[in-house]
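Take a look at the structure set out below.
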Amino acid sequence: MLMRDRYQAARSAGRPLIGGHRGNPAEKPENTLASFESAIASGVDLIECDVHLSFDGDLIVIHDHTVDRTTDGSGMVRTLSTSELRALDAGQGERLPLLEEVLDVARGRVGLAIEIKQAPLPYPGLEEVLLATLGEDVGEVAVISFHHPSILKLKLMEPRLQTGLLEVARPVDPIVLLAQAKADIHCAHYSGVDPELVTAVHEAGGWVGVWTVDDAVAVAWSKHCGVDSVFTNRPAEIGPLLRLP
């Protein structure tokens, strides 16, 4: 299913899409195939992963710019070869996946949101590698980033791609930012949205996705605001709450 169709179907159903943030890190090591499979088993609509480029130019799935926190190795992702990265233990014997593997897990089952880690240290050429990797899956994913120039570049290269702008704090005018980057989704921490912002983004033809919703208060606020997608570290616990009327 195309990503925009997933969003439209959820809006028609009156509930947000439920996303597993880095899979299901409450139960499995984050950003691993086991974590993504666990999230899907919990009933999510979407899974989210983070990608970097390895030293030899492959898209490797990991959140941080270094491997120190989430693996038994050390060093910058960009300085390590794919084989070196794949040899690391990412927890419970899991390995760092390639983006192709995550695409295989998601295809035909759930939507996939891909955060490209272009800030604060951009990877030249990442956009070209990403689009080549996505191939015919390009319409079934959303690509998001804090690095807005990369989002604009991707949209100009491939208009079918659904894209989103990540924001730490509420911008002065999110509608202008979305327009400048030709982006589709305003992606914010749940505390940075309110019903008025959501209405404004909807009226401009966009969507609102929030992160990271891990407790009942955050669920209640997200539902009150009428957001379109919610990402959580605890999909098995939070998913049922989001589905309640």
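Each chain in the structure tokens gets a letter, A, B and so on, in the order shown; residues start at 1 in every chain, and ligands are counted from 1 in the order they appear.
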DSSP strand (DSSP E or B) residues within range 34-202 of chain A, as an mmCIF file with all heavy atoms, in the first residue's frame:
data_model
loop_
_atom_site.group_PDB
_atom_site.id
_atom_site.type_symbol
_atom_site.label_atom_id
_atom_site.label_comp_id
_atom_site.auth_asym_id
_atom_site.auth_seq_id
_atom_site.Cartn_x
_atom_site.Cartn_y
_atom_site.Cartn_z
ATOM 1 N N LEU A 46 3.104 0.785 11.073
ATOM 2 C CA LEU A 46 4.365 1.263 10.526
ATOM 3 C C LEU A 46 5.512 0.829 11.417
ATOM 4 O O LEU A 46 5.336 0.639 12.625
ATOM 5 C CB LEU A 46 4.397 2.802 10.466
ATOM 6 C CG LEU A 46 3.235 3.564 9.855
ATOM 7 C CD1 LEU A 46 3.371 5.057 10.173
ATOM 8 C CD2 LEU A 46 3.189 3.348 8.357
ATOM 9 N N ILE A 47 6.685 0.687 10.821
ATOM 10 C CA ILE A 47 7.917 0.583 11.602
ATOM 11 C C ILE A 47 8.845 1.710 11.155
ATOM 12 O O ILE A 47 8.742 2.202 10.037
ATOM 13 C CB ILE A 47 8.614 -0.785 11.448
ATOM 14 C CG1 ILE A 47 8.845 -1.128 9.974
ATOM 15 C CG2 ILE A 47 7.808 -1.871 12.147
ATOM 16 C CD1 ILE A 47 9.643 -2.408 9.750
ATOM 17 N N GLU A 48 9.714 2.128 12.065
ATOM 18 C CA GLU A 48 10.647 3.217 11.775
ATOM 19 C C GLU A 48 12.063 2.751 12.012
ATOM 20 O O GLU A 48 12.334 2.029 12.980
ATOM 21 C CB GLU A 48 10.339 4.429 12.667
ATOM 22 C CG GLU A 48 11.211 5.638 12.422
ATOM 23 C CD GLU A 48 12.410 5.753 13.364
ATOM 24 O OE1 GLU A 48 12.512 4.928 14.293
ATOM 25 O OE2 GLU A 48 13.234 6.666 13.168
ATOM 26 N N CYS A 49 12.966 3.117 11.100
ATOM 27 C CA CYS A 49 14.376 2.781 11.273
ATOM 28 C C CYS A 49 15.231 3.994 10.938
ATOM 29 O O CYS A 49 14.762 4.961 10.323
ATOM 30 C CB CYS A 49 14.769 1.585 10.407
ATOM 31 S SG CYS A 49 14.836 1.934 8.627
ATOM 32 N N ASP A 50 16.495 3.938 11.361
ATOM 33 C CA ASP A 50 17.453 5.007 11.118
ATOM 34 C C ASP A 50 18.568 4.463 10.236
ATOM 35 O O ASP A 50 18.997 3.316 10.411
ATOM 36 C CB ASP A 50 18.062 5.486 12.434
ATOM 37 C CG ASP A 50 17.007 5.872 13.453
ATOM 38 O OD1 ASP A 50 16.492 6.992 13.365
ATOM 39 O OD2 ASP A 50 16.697 5.043 14.328
ATOM 40 N N VAL A 51 19.056 5.280 9.292
ATOM 41 C CA VAL A 51 20.108 4.786 8.409
ATOM 42 C C VAL A 51 21.289 5.743 8.341
ATOM 43 O O VAL A 51 21.140 6.969 8.374
ATOM 44 C CB VAL A 51 19.594 4.498 6.984
ATOM 45 C CG1 VAL A 51 18.569 3.382 6.988
ATOM 46 C CG2 VAL A 51 19.035 5.734 6.316
ATOM 47 N N HIS A 52 22.464 5.127 8.259
ATOM 48 C CA HIS A 52 23.734 5.802 8.005
ATOM 49 C C HIS A 52 24.386 5.127 6.807
ATOM 50 O O HIS A 52 23.965 4.040 6.402
ATOM 51 C CB HIS A 52 24.671 5.648 9.214
ATOM 52 C CG HIS A 52 24.243 6.371 10.442
ATOM 53 N ND1 HIS A 52 24.797 7.567 10.836
ATOM 54 C CD2 HIS A 52 23.321 6.063 11.387
ATOM 55 C CE1 HIS A 52 24.242 7.964 11.971
ATOM 56 N NE2 HIS A 52 23.339 7.072 12.324
ATOM 57 N N LEU A 53 25.447 5.743 6.295
ATOM 58 C CA LEU A 53 26.262 5.106 5.271
ATOM 59 C C LEU A 53 27.509 4.522 5.906
ATOM 60 O O LEU A 53 28.206 5.184 6.681
ATOM 61 C CB LEU A 53 26.680 6.115 4.200
ATOM 62 C CG LEU A 53 25.702 6.443 3.082
ATOM 63 C CD1 LEU A 53 26.322 7.462 2.134
ATOM 64 C CD2 LEU A 53 25.291 5.195 2.312
ATOM 65 N N LEU A 59 23.861 1.342 3.088
ATOM 66 C CA LEU A 59 22.938 1.911 4.069
ATOM 67 C C LEU A 59 22.762 0.931 5.220
ATOM 68 O O LEU A 59 22.146 -0.124 5.076
ATOM 69 C CB LEU A 59 21.597 2.214 3.408
ATOM 70 C CG LEU A 59 21.617 3.382 2.416
ATOM 71 C CD1 LEU A 59 20.339 3.413 1.593
ATOM 72 C CD2 LEU A 59 21.828 4.711 3.131
ATOM 73 N N ILE A 60 23.311 1.291 6.366
ATOM 74 C CA ILE A 60 23.289 0.432 7.550
ATOM 75 C C ILE A 60 22.282 1.013 8.548
ATOM 76 O O ILE A 60 22.188 2.237 8.714
ATOM 77 C CB ILE A 60 24.700 0.309 8.172
ATOM 78 C CG1 ILE A 60 24.784 -0.859 9.146
ATOM 79 C CG2 ILE A 60 25.164 1.613 8.778
ATOM 80 C CD1 ILE A 60 24.990 -2.188 8.516
ATOM 81 N N VAL A 61 21.536 0.150 9.208
ATOM 82 C CA VAL A 61 20.457 0.591 10.096
ATOM 83 C C VAL A 61 20.970 0.674 11.527
ATOM 84 O O VAL A 61 21.253 -0.340 12.175
ATOM 85 C CB VAL A 61 19.256 -0.364 9.987
ATOM 86 C CG1 VAL A 61 18.169 0.019 10.995
ATOM 87 C CG2 VAL A 61 18.694 -0.332 8.566
ATOM 88 N N THR A 66 27.784 6.782 16.227
ATOM 89 C CA THR A 66 28.781 5.810 16.654
ATOM 90 C C THR A 66 28.076 4.501 17.003
ATOM 91 O O THR A 66 26.864 4.472 17.240
ATOM 92 C CB THR A 66 29.569 6.287 17.895
ATOM 93 O OG1 THR A 66 28.729 6.212 19.054
ATOM 94 C CG2 THR A 66 30.071 7.712 17.717
ATOM 95 N N MET A 76 33.047 5.448 14.899
ATOM 96 C CA MET A 76 32.059 6.104 14.053
ATOM 97 C C MET A 76 31.567 5.142 12.976
ATOM 98 O O MET A 76 32.365 4.418 12.374
ATOM 99 C CB MET A 76 32.671 7.329 13.378
ATOM 100 C CG MET A 76 33.133 8.413 14.338
ATOM 101 S SD MET A 76 31.764 9.390 14.999
ATOM 102 C CE MET A 76 31.310 10.353 13.566
ATOM 103 N N LEU A 98 21.082 -4.243 7.089
ATOM 104 C CA LEU A 98 21.101 -3.325 5.963
ATOM 105 C C LEU A 98 19.673 -2.849 5.702
ATOM 106 O O LEU A 98 18.709 -3.544 6.029
ATOM 107 C CB LEU A 98 21.647 -4.020 4.722
ATOM 108 C CG LEU A 98 23.106 -4.457 4.760
ATOM 109 C CD1 LEU A 98 23.419 -5.336 3.560
ATOM 110 C CD2 LEU A 98 24.031 -3.247 4.806
ATOM 111 N N GLY A 111 3.898 -0.268 6.693
ATOM 112 C CA GLY A 111 4.636 0.840 6.109
ATOM 113 C C GLY A 111 5.978 1.008 6.807
ATOM 114 O O GLY A 111 6.191 0.514 7.923
ATOM 115 N N LEU A 112 6.885 1.705 6.144
ATOM 116 C CA LEU A 112 8.222 1.911 6.685
ATOM 117 C C LEU A 112 8.582 3.384 6.638
ATOM 118 O O LEU A 112 8.510 4.021 5.582
ATOM 119 C CB LEU A 112 9.246 1.103 5.885
ATOM 120 C CG LEU A 112 10.722 1.312 6.242
ATOM 121 C CD1 LEU A 112 11.010 0.909 7.686
ATOM 122 C CD2 LEU A 112 11.624 0.538 5.268
ATOM 123 N N ALA A 113 8.955 3.939 7.797
ATOM 124 C CA ALA A 113 9.496 5.293 7.884
ATOM 125 C C ALA A 113 11.000 5.186 8.074
ATOM 126 O O ALA A 113 11.468 4.453 8.950
ATOM 127 C CB ALA A 113 8.867 6.051 9.047
ATOM 128 N N ILE A 114 11.745 5.899 7.260
ATOM 129 C CA ILE A 114 13.209 5.831 7.278
ATOM 130 C C ILE A 114 13.749 7.197 7.660
ATOM 131 O O ILE A 114 13.532 8.190 6.940
ATOM 132 C CB ILE A 114 13.755 5.437 5.893
ATOM 133 C CG1 ILE A 114 13.167 4.105 5.423
ATOM 134 C CG2 ILE A 114 15.280 5.390 5.914
ATOM 135 C CD1 ILE A 114 13.382 3.833 3.948
ATOM 136 N N GLU A 115 14.442 7.259 8.785
ATOM 137 C CA GLU A 115 15.094 8.519 9.156
ATOM 138 C C GLU A 115 16.530 8.496 8.653
ATOM 139 O O GLU A 115 17.323 7.639 9.039
ATOM 140 C CB GLU A 115 15.092 8.752 10.667
ATOM 141 C CG GLU A 115 15.746 10.086 11.013
ATOM 142 C CD GLU A 115 15.845 10.386 12.497
ATOM 143 O OE1 GLU A 115 15.158 9.711 13.290
ATOM 144 O OE2 GLU A 115 16.609 11.314 12.854
ATOM 145 N N ILE A 116 16.855 9.440 7.794
ATOM 146 C CA ILE A 116 18.232 9.533 7.319
ATOM 147 C C ILE A 116 19.002 10.457 8.258
ATOM 148 O O ILE A 116 18.588 11.567 8.545
ATOM 149 C CB ILE A 116 18.308 10.005 5.856
ATOM 150 C CG1 ILE A 116 17.541 11.310 5.625
ATOM 151 C CG2 ILE A 116 17.771 8.917 4.927
ATOM 152 C CD1 ILE A 116 17.735 11.886 4.230
ATOM 153 N N VAL A 141 7.118 4.007 1.279
ATOM 154 C CA VAL A 141 7.865 4.420 2.459
ATOM 155 C C VAL A 141 7.706 5.918 2.654
ATOM 156 O O VAL A 141 7.215 6.636 1.776
ATOM 157 C CB VAL A 141 9.365 4.072 2.335
ATOM 158 C CG1 VAL A 141 9.563 2.594 2.029
ATOM 159 C CG2 VAL A 141 10.041 4.932 1.275
ATOM 160 N N ALA A 142 8.116 6.379 3.830
ATOM 161 C CA ALA A 142 8.287 7.810 4.084
ATOM 162 C C ALA A 142 9.722 8.012 4.544
ATOM 163 O O ALA A 142 10.258 7.199 5.315
ATOM 164 C CB ALA A 142 7.318 8.298 5.155
ATOM 165 N N VAL A 143 10.363 9.064 4.066
ATOM 166 C CA VAL A 143 11.727 9.387 4.478
ATOM 167 C C VAL A 143 11.680 10.699 5.251
ATOM 168 O O VAL A 143 11.106 11.693 4.775
ATOM 169 C CB VAL A 143 12.677 9.503 3.276
ATOM 170 C CG1 VAL A 143 14.074 9.888 3.748
ATOM 171 C CG2 VAL A 143 12.729 8.176 2.520
ATOM 172 N N ILE A 144 12.258 10.696 6.443
ATOM 173 C CA ILE A 144 12.207 11.853 7.328
ATOM 174 C C ILE A 144 13.613 12.225 7.774
ATOM 175 O O ILE A 144 14.516 11.382 7.765
ATOM 176 C CB ILE A 144 11.303 11.582 8.554
ATOM 177 C CG1 ILE A 144 11.849 10.404 9.381
ATOM 178 C CG2 ILE A 144 9.874 11.287 8.108
ATOM 179 C CD1 ILE A 144 11.034 10.096 10.634
ATOM 180 N N SER A 145 13.796 13.486 8.146
ATOM 181 C CA SER A 145 15.118 13.911 8.595
ATOM 182 C C SER A 145 15.039 15.267 9.278
ATOM 183 O O SER A 145 14.155 16.089 8.986
ATOM 184 C CB SER A 145 16.091 14.000 7.414
ATOM 185 O OG SER A 145 17.392 14.342 7.847
ATOM 186 N N GLN A 162 7.087 10.068 -0.229
ATOM 187 C CA GLN A 162 6.513 10.819 0.886
ATOM 188 C C GLN A 162 7.656 11.213 1.836
ATOM 189 O O GLN A 162 8.478 10.363 2.210
ATOM 190 C CB GLN A 162 5.487 9.974 1.633
ATOM 191 C CG GLN A 162 4.260 9.641 0.809
ATOM 192 C CD GLN A 162 3.370 10.839 0.599
ATOM 193 O OE1 GLN A 162 2.698 11.310 1.518
ATOM 194 N NE2 GLN A 162 3.328 11.360 -0.622
ATOM 195 N N THR A 163 7.706 12.479 2.218
ATOM 196 C CA THR A 163 8.815 12.964 3.030
ATOM 197 C C THR A 163 8.308 13.735 4.235
ATOM 198 O O THR A 163 7.190 14.261 4.238
ATOM 199 C CB THR A 163 9.741 13.873 2.206
ATOM 200 O OG1 THR A 163 8.983 14.960 1.683
ATOM 201 C CG2 THR A 163 10.406 13.100 1.073
ATOM 202 N N GLY A 164 9.150 13.815 5.263
ATOM 203 C CA GLY A 164 8.768 14.513 6.477
ATOM 204 C C GLY A 164 9.919 15.278 7.091
ATOM 205 O O GLY A 164 11.078 14.870 6.977
ATOM 206 N N LEU A 165 9.585 16.381 7.742
ATOM 207 C CA LEU A 165 10.569 17.214 8.432
ATOM 208 C C LEU A 165 10.498 16.940 9.931
ATOM 209 O O LEU A 165 9.462 17.170 10.559
ATOM 210 C CB LEU A 165 10.300 18.696 8.178
ATOM 211 C CG LEU A 165 10.286 19.171 6.728
ATOM 212 C CD1 LEU A 165 10.044 20.685 6.684
ATOM 213 C CD2 LEU A 165 11.579 18.810 6.015
ATOM 214 N N LEU A 166 11.586 16.476 10.497
ATOM 215 C CA LEU A 166 11.677 16.292 11.937
ATOM 216 C C LEU A 166 12.014 17.612 12.609
ATOM 217 O O LEU A 166 12.837 18.387 12.113
ATOM 218 C CB LEU A 166 12.747 15.249 12.270
ATOM 219 C CG LEU A 166 12.339 13.792 12.074
ATOM 220 C CD1 LEU A 166 13.562 12.896 11.971
ATOM 221 C CD2 LEU A 166 11.442 13.337 13.216
ATOM 222 N N GLU A 167 11.363 17.859 13.740
ATOM 223 C CA GLU A 167 11.578 19.101 14.490
ATOM 224 C C GLU A 167 11.712 18.768 15.971
ATOM 225 O O GLU A 167 10.905 18.006 16.516
ATOM 226 C CB GLU A 167 10.393 20.057 14.313
ATOM 227 C CG GLU A 167 10.012 20.362 12.871
ATOM 228 C CD GLU A 167 10.989 21.283 12.179
ATOM 229 O OE1 GLU A 167 11.914 21.792 12.856
ATOM 230 O OE2 GLU A 167 10.825 21.503 10.961
ATOM 231 N N ILE A 185 4.960 15.660 5.643
ATOM 232 C CA ILE A 185 4.642 15.313 7.027
ATOM 233 C C ILE A 185 5.422 16.204 7.992
ATOM 234 O O ILE A 185 6.654 16.314 7.883
ATOM 235 C CB ILE A 185 4.983 13.835 7.333
ATOM 236 C CG1 ILE A 185 4.426 12.912 6.240
ATOM 237 C CG2 ILE A 185 4.439 13.424 8.695
ATOM 238 C CD1 ILE A 185 5.012 11.508 6.274
ATOM 239 N N HIS A 186 4.728 16.827 8.909
ATOM 240 C CA HIS A 186 5.357 17.545 10.015
ATOM 241 C C HIS A 186 5.579 16.535 11.137
ATOM 242 O O HIS A 186 4.620 15.996 11.695
ATOM 243 C CB HIS A 186 4.451 18.686 10.488
ATOM 244 C CG HIS A 186 4.950 19.409 11.689
ATOM 245 N ND1 HIS A 186 6.062 20.223 11.663
ATOM 246 C CD2 HIS A 186 4.483 19.445 12.978
ATOM 247 C CE1 HIS A 186 6.261 20.729 12.867
ATOM 248 N NE2 HIS A 186 5.324 20.276 13.677
ATOM 249 N N CYS A 187 6.844 16.264 11.441
ATOM 250 C CA CYS A 187 7.201 15.216 12.403
ATOM 251 C C CYS A 187 7.768 15.863 13.658
ATOM 252 O O CYS A 187 8.893 16.371 13.639
ATOM 253 C CB CYS A 187 8.246 14.268 11.810
ATOM 254 S SG CYS A 187 7.805 13.584 10.205
ATOM 255 N N ALA A 188 7.009 15.835 14.738
ATOM 256 C CA ALA A 188 7.387 16.581 15.938
ATOM 257 C C ALA A 188 7.264 15.720 17.181
ATOM 258 O O ALA A 188 6.556 14.713 17.190
ATOM 259 C CB ALA A 188 6.483 17.804 16.087
ATOM 260 N N HIS A 189 7.954 16.132 18.238
ATOM 261 C CA HIS A 189 7.678 15.543 19.541
ATOM 262 C C HIS A 189 6.227 15.875 19.892
ATOM 263 O O HIS A 189 5.748 16.982 19.615
ATOM 264 C CB HIS A 189 8.622 16.097 20.599
ATOM 265 C CG HIS A 189 8.550 15.379 21.901
ATOM 266 N ND1 HIS A 189 7.723 15.801 22.926
ATOM 267 C CD2 HIS A 189 9.171 14.245 22.347
ATOM 268 C CE1 HIS A 189 7.849 14.971 23.953
ATOM 269 N NE2 HIS A 189 8.713 14.017 23.627
#
10 Å contact set for Glu84 in chain A, only C-alpha atoms, chain neighbours under 3 positions out, as JSON, numbers by chain
{"A": [54, 55, 73, 77, 79, 80, 81, 87, 88]}
Could the residues in this selection be saved with C-alpha atoms as a compact mmCIF listing (two decimals), in the first residue's frame?
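Result file result_8.txt:
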# COMPACT_ATOMS: atom_id res chain seq x y z
CA SER A 54 29.03 2.66 6.02
CA PHE A 55 32.61 3.44 4.97
CA GLY A 73 31.98 -2.23 19.25
CA VAL A 77 29.70 4.30 11.70
CA THR A 79 34.65 4.92 9.44
CA LEU A 80 33.69 1.23 9.59
CA SER A 81 33.19 -1.08 6.63
CA ALA A 87 30.23 -8.42 12.69
CA LEU A 88 29.11 -6.43 15.76
Those in range 26-223 of chain A with alpha helix (DSSP H) from DSSP, as a VMD selection string
chain A and resid 33 to 41 82 to 86 99 to 106 126 to 134 148 to 157 174 to 181 195 to 203 216 to 223
Can you pull out the residues contacting Arg15 in chain A? Cut-off 8 Å, using only C-alpha atoms, and skip same-chain residues under 5 positions away; I want them as an mmCIF file with N, CA and C atoms, in the first residue's frame.
data_model
loop_
_atom_site.group_PDB
_atom_site.id
_atom_site.type_symbol
_atom_site.label_atom_id
_atom_site.label_comp_id
_atom_site.auth_asym_id
_atom_site.auth_seq_id
_atom_site.Cartn_x
_atom_site.Cartn_y
_atom_site.Cartn_z
ATOM 1 N N ALA A 10 -6.174 5.813 7.571
ATOM 2 C CA ALA A 10 -6.225 6.014 9.017
ATOM 3 C C ALA A 10 -7.077 7.229 9.366
ATOM 4 N N LYS A 223 -4.201 11.975 20.805
ATOM 5 C CA LYS A 223 -5.566 11.750 20.323
ATOM 6 C C LYS A 223 -6.363 13.054 20.334
ATOM 7 N N GLY A 226 -5.515 15.108 17.339
ATOM 8 C CA GLY A 226 -5.926 14.559 16.058
ATOM 9 C C GLY A 226 -4.783 14.319 15.097
ATOM 10 N N ASP A 228 -1.903 12.298 12.836
ATOM 11 C CA ASP A 228 -2.095 11.247 11.836
ATOM 12 C C ASP A 228 -1.274 9.989 12.098
ATOM 13 N N LEU A 242 -4.185 3.542 21.722
ATOM 14 C CA LEU A 242 -4.436 4.443 20.598
ATOM 15 C C LEU A 242 -5.642 3.988 19.785
ATOM 16 N N ARG A 243 -5.952 2.713 19.855
ATOM 17 C CA ARG A 243 -7.086 2.189 19.079
ATOM 18 C C ARG A 243 -8.427 2.413 19.800
#
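Proximity to Met157 in chain A was assessed for A:Met3, A:Ala119, A:Leu130, A:Leu96 counting only C-alpha atoms; the smallest distance is recorded for A:Leu130.
If you look at CA of Ala179 in chain A and CA of Glu127 in chain A, they are 19.6 Å away from each other.
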Applying 8 Å and only C-alpha atoms, which residues near Gly239 in chain A remain after dropping the ones on its own chain fewer than 4 positions away? List them as JSON, numbers by chain.
{"A": [18, 42, 43, 44, 234, 235, 243]}
For the residues in the current selection, export all heavy atoms as a short mmCIF file (atom, residue, chain, number, x, y, z; two decimals), in the first residue's frame.
data_model
loop_
_atom_site.label_atom_id
_atom_site.label_comp_id
_atom_site.auth_asym_id
_atom_site.auth_seq_id
_atom_site.Cartn_x
_atom_site.Cartn_y
_atom_site.Cartn_z
N ILE A 18 -0.19 3.65 13.89
CA ILE A 18 0.63 3.29 15.05
C ILE A 18 1.97 2.78 14.54
O ILE A 18 2.03 1.84 13.73
CB ILE A 18 -0.06 2.23 15.91
CG1 ILE A 18 -1.40 2.77 16.42
CG2 ILE A 18 0.84 1.80 17.07
CD1 ILE A 18 -2.34 1.70 16.92
N SER A 42 3.11 -7.10 17.19
CA SER A 42 2.27 -6.38 18.14
C SER A 42 1.11 -5.66 17.46
O SER A 42 0.24 -5.12 18.13
CB SER A 42 3.11 -5.37 18.93
OG SER A 42 3.40 -4.22 18.16
N GLY A 43 1.13 -5.61 16.12
CA GLY A 43 0.01 -5.02 15.39
C GLY A 43 0.20 -3.61 14.89
O GLY A 43 -0.78 -2.93 14.59
N VAL A 44 1.43 -3.15 14.76
CA VAL A 44 1.66 -1.78 14.30
C VAL A 44 1.28 -1.64 12.82
O VAL A 44 1.20 -2.61 12.07
CB VAL A 44 3.13 -1.35 14.48
CG1 VAL A 44 3.52 -1.35 15.96
CG2 VAL A 44 4.07 -2.22 13.66
N ARG A 234 6.98 1.47 22.80
CA ARG A 234 6.24 0.42 23.51
C ARG A 234 4.97 0.06 22.73
O ARG A 234 3.86 0.23 23.24
CB ARG A 234 5.90 0.88 24.93
CG ARG A 234 7.06 1.53 25.69
CD ARG A 234 6.67 1.93 27.09
NE ARG A 234 6.40 0.78 27.91
CZ ARG A 234 7.32 0.05 28.53
NH1 ARG A 234 8.60 0.38 28.42
NH2 ARG A 234 6.99 -0.99 29.25
N PRO A 235 5.10 -0.45 21.52
CA PRO A 235 3.91 -0.66 20.69
C PRO A 235 2.92 -1.67 21.26
O PRO A 235 1.71 -1.50 21.09
CB PRO A 235 4.48 -1.14 19.35
CG PRO A 235 5.86 -1.64 19.67
CD PRO A 235 6.34 -0.79 20.79
N ARG A 243 -5.95 2.71 19.86
CA ARG A 243 -7.09 2.19 19.08
C ARG A 243 -8.43 2.41 19.80
O ARG A 243 -9.48 2.29 19.18
CB ARG A 243 -6.89 0.70 18.81
CG ARG A 243 -5.75 0.40 17.84
CD ARG A 243 -5.70 -1.07 17.46
NE ARG A 243 -4.55 -1.34 16.60
CZ ARG A 243 -3.38 -1.75 17.05
NH1 ARG A 243 -3.18 -1.94 18.35
NH2 ARG A 243 -2.38 -1.96 16.21
#
What's the separation between CA of Leu17 in chain A and CA of Asp45 in chain A, in Å to one decimal place?
5.8 Å
Please provide as a list in words all residues within 9 Å of Trp211 in chain A, with the sequence filter that same-chain residues fewer than 2 positions apart are discarded (counting only C-alpha atoms).
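Contacts, with the query itself left out: His21, Cys187, Ala188, His189, Tyr190, Ser191, Gly209, Val213, Asp214, Ser229, Val230, Phe231 and Thr232 of chain A.
Of the residues listed (A:Pro195, A:Pro149, A:Gly93, A:Gly57), A:Pro149 shows the shortest atom-to-atom separation from Ala183 in chain A; distances use only C-alpha atoms.
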Nearest to Leu134 in chain A among A:Arg160, A:Arg11, A:Lys153, A:Lys182, with distances taken over only C-alpha atoms: which residue is it?
A:Arg160
